[in-house]
file query35.tsv (TSV, C-alpha atoms)
chain	number	residue	atom	x	y	z
A	179	GLN	CA	12.94	43.76	36.48
A	180	ALA	CA	13.52	40.35	34.90
A	181	LYS	CA	11.93	37.44	36.72
A	182	VAL	CA	14.51	34.94	37.97
A	183	THR	CA	13.44	31.30	37.68
A	184	PRO	CA	14.98	29.22	40.46
A	185	PHE	CA	17.03	26.33	39.07
A	186	GLN	CA	18.07	23.47	41.29
A	187	TYR	CA	21.10	21.46	40.33
A	188	PRO	CA	23.09	18.73	42.07
A	189	SER	CA	26.73	18.83	43.14
A	190	LYS	CA	29.46	18.64	40.51
A	191	GLU	CA	30.15	15.01	41.45
A	192	GLU	CA	26.50	14.00	41.04
A	193	GLN	CA	26.22	15.93	37.77
A	194	THR	CA	29.17	13.91	36.44
A	195	LYS	CA	27.60	10.62	37.52
A	196	ILE	CA	24.23	11.50	35.93
A	197	ALA	CA	25.93	12.62	32.69
A	198	SER	CA	28.03	9.46	32.39
A	199	PHE	CA	25.02	7.25	33.19
A	200	LEU	CA	22.83	8.93	30.55
A	201	SER	CA	25.74	8.76	28.11
A	202	ALA	CA	25.88	4.98	28.67
A	203	VAL	CA	22.12	4.74	28.01
A	204	ASP	CA	22.56	6.77	24.79
A	205	GLU	CA	25.39	4.46	23.74
A	206	LYS	CA	23.13	1.43	24.26
A	207	ILE	CA	20.39	3.06	22.18
A	208	SER	CA	22.92	3.86	19.45
A	209	GLN	CA	24.21	0.26	19.41
A	210	LEU	CA	20.67	-1.16	19.14
A	211	SER	CA	19.85	1.27	16.30
A	212	GLN	CA	22.96	0.19	14.44
A	213	LYS	CA	22.19	-3.51	15.03
A	214	LEU	CA	18.65	-3.00	13.67
A	215	HIS	CA	20.02	-1.22	10.59
A	216	LEU	CA	22.57	-3.98	9.90
A	217	LEU	CA	19.98	-6.75	10.32
A	218	SER	CA	17.64	-4.98	7.88
A	219	GLN	CA	20.48	-4.58	5.37
A	220	TYR	CA	21.43	-8.25	5.79
A	221	LYS	CA	17.84	-9.33	5.16
A	222	GLN	CA	17.57	-7.21	1.99
A	223	GLY	CA	20.86	-8.60	0.70
A	224	MET	CA	19.85	-12.20	1.40
A	225	MET	CA	16.44	-11.72	-0.27
A	226	GLN	CA	18.20	-10.44	-3.38
A	227	LYS	CA	20.55	-13.44	-3.45
A	228	LEU	CA	17.84	-16.01	-2.69
A	229	PHE	CA	15.29	-14.80	-5.26
A	230	SER	CA	17.95	-14.31	-7.96
A	231	GLN	CA	19.06	-17.90	-7.12
A	232	GLN	CA	22.65	-16.83	-6.40
A	233	ILE	CA	22.16	-18.83	-3.20
A	234	ARG	CA	20.27	-22.12	-3.34
A	235	PHE	CA	19.26	-24.38	-0.48
A	236	LYS	CA	19.80	-28.12	-0.75
A	237	ALA	CA	17.48	-30.92	0.29
A	238	ASP	CA	18.06	-32.56	3.68
A	239	ASP	CA	19.84	-35.48	1.96
A	240	GLY	CA	22.25	-33.04	0.24
A	241	SER	CA	20.69	-33.33	-3.20
A	242	GLN	CA	19.82	-30.37	-5.42
A	243	PHE	CA	16.24	-29.13	-5.55
A	244	GLU	CA	14.56	-28.96	-8.97
A	245	GLU	CA	14.61	-25.85	-11.12
A	246	TRP	CA	12.30	-22.93	-10.30
A	247	VAL	CA	9.17	-22.44	-12.42
A	248	THR	CA	8.05	-19.04	-13.74
A	249	LYS	CA	4.34	-18.39	-13.21
A	250	THR	CA	2.11	-15.34	-13.26
A	251	ILE	CA	-0.14	-14.68	-10.26
A	252	LYS	CA	-3.04	-15.74	-12.52
A	253	GLU	CA	-1.40	-19.15	-13.01
A	254	LEU	CA	-0.98	-19.74	-9.28
A	255	ASN	CA	-3.84	-21.42	-7.45
A	256	LEU	CA	-5.06	-18.29	-5.62
A	257	TYR	CA	-8.38	-16.83	-4.51
A	258	ILE	CA	-8.23	-13.05	-5.03
A	259	SER	CA	-10.72	-10.54	-3.64
A	260	ASP	CA	-10.83	-6.94	-2.45
A	261	GLY	CA	-12.74	-4.45	-0.30
A	262	ASN	CA	-14.34	-2.47	-3.12
A	263	TYR	CA	-17.93	-2.62	-1.88
A	264	GLY	CA	-19.40	0.12	-4.09
A	265	GLU	CA	-22.49	1.76	-2.58
A	266	LEU	CA	-22.34	-0.57	0.43
A	267	TYR	CA	-18.97	0.90	1.50
A	268	PRO	CA	-19.15	2.03	5.17
A	269	THR	CA	-19.71	5.71	5.87
A	270	SER	CA	-17.81	7.31	8.75
A	271	ALA	CA	-21.01	7.11	10.84
A	272	GLN	CA	-21.02	3.31	10.48
A	273	PHE	CA	-17.65	2.81	12.17
A	274	VAL	CA	-17.97	1.64	15.78
A	275	SER	CA	-15.62	1.71	18.79
A	276	HIS	CA	-15.44	-2.10	19.02
A	277	GLY	CA	-16.34	-4.83	16.58
A	278	VAL	CA	-14.84	-6.43	13.47
A	279	PRO	CA	-11.47	-4.88	12.50
A	280	PHE	CA	-11.70	-2.99	9.18
A	281	ILE	CA	-8.12	-3.03	7.96
A	282	ARG	CA	-6.65	-0.09	6.02
A	283	ALA	CA	-3.23	0.51	4.45
A	284	ASN	CA	-1.92	2.22	7.61
A	285	ASN	CA	-2.53	-1.04	9.51
A	286	ILE	CA	0.18	-2.79	7.45
A	287	LYS	CA	3.68	-2.57	8.90
A	288	ASN	CA	6.72	-4.85	8.70
A	289	LEU	CA	4.76	-7.57	6.85
A	290	LYS	CA	2.19	-7.73	9.65
A	291	VAL	CA	-1.22	-6.28	10.48
A	292	THR	CA	-1.00	-3.78	13.35
A	293	ASN	CA	-3.88	-2.63	15.53
A	294	ASN	CA	-2.63	0.97	15.69
A	295	ASP	CA	-5.45	3.34	14.73
A	296	MET	CA	-7.70	0.40	13.76
A	297	ARG	CA	-11.27	1.05	12.64
A	298	PHE	CA	-14.16	-1.33	13.36
A	299	ILE	CA	-17.50	-2.22	11.81
A	300	ASP	CA	-20.36	-4.11	13.47
A	301	GLU	CA	-21.10	-7.78	12.82
A	302	ASN	CA	-24.21	-7.08	10.70
A	303	LEU	CA	-22.32	-4.84	8.27
A	304	HIS	CA	-19.42	-7.33	8.25
A	305	GLN	CA	-21.77	-10.08	7.05
A	306	ILE	CA	-23.06	-7.85	4.24
A	307	LEU	CA	-19.49	-6.92	3.16
A	308	ASN	CA	-18.51	-10.53	2.60
A	309	SER	CA	-15.91	-10.33	-0.20
A	310	GLY	CA	-13.17	-9.12	2.15
A	311	HIS	CA	-13.38	-11.63	5.00
A	312	LEU	CA	-9.85	-12.62	5.99
A	313	LYS	CA	-8.47	-16.02	6.93
A	314	THR	CA	-5.21	-16.93	8.65
A	315	ASN	CA	-2.29	-17.01	6.15
A	316	ASP	CA	-4.04	-14.73	3.65
A	317	ILE	CA	-1.69	-12.22	2.07
A	318	ILE	CA	-3.03	-8.67	1.90
A	319	VAL	CA	-1.58	-6.12	-0.50
A	320	THR	CA	-2.23	-2.40	-0.87
A	321	THR	CA	-3.62	-1.47	-4.29
A	322	ARG	CA	-4.25	2.26	-3.77
A	323	GLY	CA	-1.93	5.04	-2.58
A	324	ASP	CA	1.32	3.40	-1.47
A	325	ILE	CA	1.11	0.37	-3.77
A	326	GLY	CA	2.56	-3.03	-2.90
A	327	MET	CA	2.76	-3.01	0.89
A	328	VAL	CA	2.14	-6.62	1.95
A	329	ALA	CA	1.31	-8.46	5.16
A	330	LEU	CA	0.54	-12.01	6.22
A	331	VAL	CA	-2.69	-12.35	8.22
A	332	ASP	CA	-2.16	-14.15	11.54
A	333	SER	CA	-4.78	-15.97	13.61
A	334	SER	CA	-5.56	-12.83	15.67
A	335	HIS	CA	-6.98	-11.18	12.52
A	336	GLU	CA	-8.92	-14.20	11.24
A	337	GLY	CA	-12.37	-12.90	10.32
A	338	SER	CA	-11.31	-9.26	9.94
A	339	ASN	CA	-12.42	-7.22	6.92
A	340	ILE	CA	-10.54	-4.99	4.45
A	341	ASN	CA	-11.17	-1.57	2.96
A	342	ALA	CA	-10.98	-0.45	-0.67
A	343	GLN	CA	-7.20	0.11	-0.54
A	344	ILE	CA	-6.50	-3.61	-0.13
A	345	CYS	CA	-6.68	-6.91	-2.03
A	346	LEU	CA	-6.41	-10.33	-0.43
A	347	LEU	CA	-4.53	-13.25	-1.98
A	348	ARG	CA	-5.40	-16.67	-0.58
A	349	VAL	CA	-3.31	-19.74	-1.42
A	350	VAL	CA	-5.82	-22.50	-2.17
A	351	ASP	CA	-3.37	-25.45	-1.91
A	352	GLN	CA	-0.65	-24.84	0.68
A	353	SER	CA	0.93	-28.23	-0.11
A	354	GLN	CA	2.09	-26.67	-3.40
A	355	LEU	CA	2.64	-23.01	-2.48
A	356	SER	CA	3.75	-21.53	0.83
A	357	PRO	CA	1.88	-18.28	1.67
A	358	GLN	CA	4.96	-17.08	3.56
A	359	PHE	CA	7.22	-17.72	0.56
A	360	LEU	CA	4.82	-15.77	-1.71
A	361	LEU	CA	4.74	-12.94	0.86
A	362	TYR	CA	8.54	-12.63	0.83
A	363	PHE	CA	8.70	-12.84	-2.96
A	364	LEU	CA	6.15	-10.01	-3.32
A	365	ASP	CA	8.09	-7.95	-0.76
A	366	SER	CA	11.40	-8.53	-2.56
A	367	SER	CA	12.81	-6.15	-5.17
A	368	PHE	CA	11.51	-8.56	-7.86
A	369	GLY	CA	7.92	-8.19	-6.63
A	370	GLN	CA	8.09	-4.51	-5.70
A	371	LYS	CA	9.50	-3.52	-9.11
A	372	GLN	CA	6.48	-5.11	-10.81
A	373	PHE	CA	4.00	-3.37	-8.47
A	374	LYS	CA	5.53	-0.03	-9.46
A	375	GLU	CA	5.45	-0.87	-13.20
A	376	LEU	CA	1.80	-1.97	-13.13
A	377	GLN	CA	0.39	0.94	-11.10
A	378	THR	CA	-1.73	3.58	-12.83
A	379	GLY	CA	-2.79	7.13	-11.99
A	380	THR	CA	-0.78	10.21	-11.07
A	381	ALA	CA	-2.31	11.92	-8.04
A	382	LEU	CA	-3.66	8.70	-6.53
A	383	LYS	CA	-1.71	5.61	-7.53
A	384	GLN	CA	-3.83	2.52	-8.17
A	385	LEU	CA	-3.22	-1.11	-9.03
A	386	PRO	CA	-6.37	-2.57	-10.60
A	387	LYS	CA	-7.18	-6.04	-9.25
A	388	LYS	CA	-6.90	-7.57	-12.73
A	389	SER	CA	-3.35	-6.15	-13.03
A	390	LEU	CA	-2.26	-8.31	-10.09
A	391	ASP	CA	-2.72	-11.31	-12.40
A	392	LYS	CA	0.21	-10.10	-14.54
A	393	ILE	CA	2.82	-10.21	-11.75
A	394	ILE	CA	5.46	-12.81	-12.57
A	395	THR	CA	6.63	-15.05	-9.73
A	396	LEU	CA	9.47	-17.56	-9.50
A	397	VAL	CA	8.32	-20.72	-7.76
A	398	PRO	CA	10.70	-23.39	-6.41
A	399	SER	CA	9.57	-26.76	-5.03
A	400	ILE	CA	7.50	-26.59	-1.85
A	401	ASN	CA	10.43	-27.91	0.22
A	402	GLU	CA	12.76	-25.16	-1.02
A	403	GLN	CA	9.99	-22.57	-0.55
A	404	THR	CA	9.70	-23.69	3.08
A	405	LYS	CA	13.48	-23.44	3.67
A	406	ILE	CA	13.58	-19.91	2.19
A	407	ALA	CA	10.51	-18.77	4.16
A	408	ASN	CA	11.87	-20.23	7.44
A	409	PHE	CA	15.28	-18.60	6.88
A	410	LEU	CA	13.84	-15.13	6.23
A	411	SER	CA	11.30	-15.55	9.04
A	412	ALA	CA	14.15	-16.24	11.48
A	413	ILE	CA	15.81	-12.95	10.45
A	414	ASP	CA	12.47	-11.15	10.91
A	415	GLN	CA	12.18	-12.59	14.43
A	416	LYS	CA	15.65	-11.21	15.28
A	417	ILE	CA	14.66	-7.83	13.82
A	418	ASP	CA	11.49	-7.85	15.98
A	419	VAL	CA	13.50	-8.63	19.14
A	420	VAL	CA	16.03	-5.83	18.52
A	421	SER	CA	13.26	-3.41	17.54
A	422	GLU	CA	11.46	-4.11	20.82
A	423	GLN	CA	14.73	-3.72	22.80
A	424	LEU	CA	15.31	-0.35	21.12
A	425	LYS	CA	11.75	0.78	21.89
A	426	GLN	CA	12.10	-0.24	25.54
A	427	ALA	CA	15.50	1.46	25.89
A	428	LYS	CA	14.07	4.73	24.57
A	429	LEU	CA	11.08	4.48	26.94
A	430	TRP	CA	13.41	3.70	29.86
A	431	LYS	CA	15.55	6.77	29.08
A	432	LYS	CA	12.45	8.95	28.86
A	433	GLY	CA	11.24	7.64	32.23
A	434	LEU	CA	14.66	8.21	33.82
A	435	LEU	CA	14.80	11.79	32.62
A	436	GLN	CA	11.31	12.50	33.98
A	437	GLN	CA	12.24	11.05	37.39
A	438	MET	CA	15.61	12.82	37.56
A	439	PHE	CA	14.43	16.29	36.65
A	440	VAL	CA	10.98	16.43	38.31

call {"tool": "encode", "arguments": {"input": "query35.tsv", "output": "structure tokens"}}
result
Amino acid sequence: QAKVTPFQYPSKEEQTKIASFLSAVDEKISQLSQKLHLLSQYKQGMMQKLFSQQIRFKADDGSQFEEWVTKTIKELNLYISDGNYGELYPTSAQFVSHGVPFIRANNIKNLKVTNNDMRFIDENLHQILNSGHLKTNDIIVTTRGDIGMVALVDSSHEGSNINAQICLLRVVDQSQLSPQFLLYFLDSSFGQKQFKELQTGTALKQLPKKSLDKIITLVPSINEQTKIANFLSAIDQKIDVVSEQLKQAKLWKKGLLQQMFV
């Protein structure tokens, strides 16, 4: 004889109220998803127009900024280093539960460094592996696997280290070149296309450090760089807010369902 599992359910009226309430929550989630999608599309479109110079900012007094200059990465005033430590490279046994963050490609998301699934090395090993010490406003770029993912290092990751998948680009004179502007340029279709063209290998894609030098950048005056970086940063902040709202709405729905059907 088949076992009958008891199933409790509320009255028809309460079922209707629960269904309409959850439907409203789903609608909110759908609206936030759509808003996030449209903001991302808007950002991509504006990056294309800004870096192709279809749209130009003007100086605060209304005058035109000077023409953009074409420079290779090698011609920019940058310090470039990587996490290729050869025989000194940490073994799995040398990773510790707490210590100096050892950043990998999977720690780069949405132009930022995330702490999700972060690995750590101890201070002694960090001092030995000294070519990959990060500073605030460094740009890090993936040079193995998924080539060309970029992030700007914030103050919370000052003094972190990088693994062999990553190169760091450090602007030496920020009065001439904005790190944030360079970040957005490298993340634009103009930068990403060049990363793809310069990569080597079939099974494991690689971008040799010396190949980074060949990437061509378009550099406006520092004042126009700042206006472009601030404009795109403001869109990113809106994207972050909506992304967090969407995450919270999904968590809230999950919590509601657990409470309702316990």

call {"tool": "closest_residue", "arguments": {"input": "query35.tsv", "among": "A:Leu214, A:Leu266, A:Gln226, A:Glu205", "to": "Glu422 in chain A", "atoms": "all atoms listed in the file"}}
result
A:Leu214

call {"tool": "closest_atom_pairs", "arguments": {"input": "query35.tsv", "of": "range 263-369 of chain A", "to": "range 396-406 of chain A", "cutoff": "12 Å", "atoms": "only C-alpha atoms", "output": "CSV"}}
result
residue,atom,partner,partner_atom,distance
A:Asp351,CA,A:Ile400,CA,10.9
A:Gln352,CA,A:Ile400,CA,8.7
A:Ser353,CA,A:Ile400,CA,7.0
A:Gln354,CA,A:Ile400,CA,5.6
A:Leu355,CA,A:Ile400,CA,6.1
A:Ser356,CA,A:Gln403,CA,6.5
A:Pro357,CA,A:Gln403,CA,9.4
A:Gln358,CA,A:Thr404,CA,8.1
A:Phe359,CA,A:Gln403,CA,5.7
A:Leu360,CA,A:Val397,CA,8.6
A:Leu361,CA,A:Gln403,CA,11.1
A:Tyr362,CA,A:Ile406,CA,9.0
A:Phe363,CA,A:Leu396,CA,8.1
A:Leu364,CA,A:Leu396,CA,10.3
A:Ser366,CA,A:Leu396,CA,11.6
A:Phe368,CA,A:Leu396,CA,9.4
A:Gly369,CA,A:Leu396,CA,9.9

call {"tool": "atom_distance", "arguments": {"input": "query35.tsv", "atom1": "CA of Leu256 in chain A", "atom2": "CA of Arg348 in chain A"}}
result
5.3 Å

call {"tool": "closest_atom_pairs", "arguments": {"input": "query35.tsv", "of": "range 325-394 of chain A", "to": "range 294-310 of chain A", "cutoff": "12 Å", "atoms": "all atoms listed in the file", "output": "JSON lines"}}
result
{"residue": "A:His335", "atom": "CA", "partner": "A:Met296", "partner_atom": "CA", "distance": 11.7}
{"residue": "A:Glu336", "atom": "CA", "partner": "A:Gly310", "partner_atom": "CA", "distance": 11.2}
{"residue": "A:Gly337", "atom": "CA", "partner": "A:Gly310", "partner_atom": "CA", "distance": 9.0}
{"residue": "A:Ser338", "atom": "CA", "partner": "A:Gly310", "partner_atom": "CA", "distance": 8.0}
{"residue": "A:Asn339", "atom": "CA", "partner": "A:Gly310", "partner_atom": "CA", "distance": 5.2}
{"residue": "A:Ile340", "atom": "CA", "partner": "A:Gly310", "partner_atom": "CA", "distance": 5.4}
{"residue": "A:Asn341", "atom": "CA", "partner": "A:Gly310", "partner_atom": "CA", "distance": 7.9}
{"residue": "A:Ala342", "atom": "CA", "partner": "A:Gly310", "partner_atom": "CA", "distance": 9.4}
{"residue": "A:Gln343", "atom": "CA", "partner": "A:Gly310", "partner_atom": "CA", "distance": 11.3}
{"residue": "A:Ile344", "atom": "CA", "partner": "A:Gly310", "partner_atom": "CA", "distance": 8.9}
{"residue": "A:Cys345", "atom": "CA", "partner": "A:Gly310", "partner_atom": "CA", "distance": 8.0}
{"residue": "A:Leu346", "atom": "CA", "partner": "A:Gly310", "partner_atom": "CA", "distance": 7.3}
{"residue": "A:Leu347", "atom": "CA", "partner": "A:Gly310", "partner_atom": "CA", "distance": 10.4}
{"residue": "A:Arg348", "atom": "CA", "partner": "A:Gly310", "partner_atom": "CA", "distance": 11.2}

call {"tool": "closest_residue", "arguments": {"input": "query35.tsv", "among": "A:Ser334, A:Ile413, A:Ile207, A:Ile258", "to": "Gln219 in chain A", "atoms": "only C-alpha atoms"}}
result
A:Ile413

call {"tool": "atom_distance", "arguments": {"input": "query35.tsv", "atom1": "CA of Ile251 in chain A", "atom2": "CA of Lys387 in chain A"}}
result
11.2 Å

call {"tool": "closest_atom_pairs", "arguments": {"input": "query35.tsv", "of": "range 294-395 of chain A", "to": "range 240-248 of chain A", "cutoff": "12 Å", "atoms": "only C-alpha atoms", "output": "tab-separated table"}}
result
residue	atom	partner	partner_atom	distance
A:Leu355	CA	A:Val247	CA	11.9
A:Lys392	CA	A:Thr248	CA	11.9
A:Ile393	CA	A:Thr248	CA	10.5
A:Ile394	CA	A:Thr248	CA	6.8
A:Thr395	CA	A:Thr248	CA	5.8

call {"tool": "closest_residue", "arguments": {"input": "query35.tsv", "among": "A:Ala427, A:Leu312, A:Leu434, A:Ala197", "to": "Ser333 in chain A", "atoms": "all atoms listed in the file"}}
result
A:Leu312

call {"tool": "atom_distance", "arguments": {"input": "query35.tsv", "atom1": "CA of Thr194 in chain A", "atom2": "CA of Gln436 in chain A"}}
result
18.1 Å

call {"tool": "closest_residue", "arguments": {"input": "query35.tsv", "among": "A:Met225, A:Val319, A:Leu254, A:Ile286", "to": "Phe373 in chain A", "atoms": "all atoms listed in the file"}}
result
A:Val319

call {"tool": "residues_around", "arguments": {"input": "query35.tsv", "residues": "range 415-418 of chain A", "least_positions_apart": "2", "cutoff": "9 Å", "atoms": "only C-alpha atoms", "output": "list in words"}}
result
Lys213, Leu214, Leu217, Ser218, Leu410, Ser411, Ala412, Ile413, Val420, Ser421, Glu422 and Gln423 of chain A

call {"tool": "closest_residue", "arguments": {"input": "query35.tsv", "among": "A:Asp391, A:Lys374, A:Ser367, A:Tyr257", "to": "Ile317 in chain A", "atoms": "only C-alpha atoms"}}
result
A:Tyr257

call {"tool": "closest_residue", "arguments": {"input": "query35.tsv", "among": "A:Gln272, A:Thr378, A:Ser259, A:Ser208", "to": "Ile318 in chain A", "atoms": "only C-alpha atoms"}}
result
A:Ser259
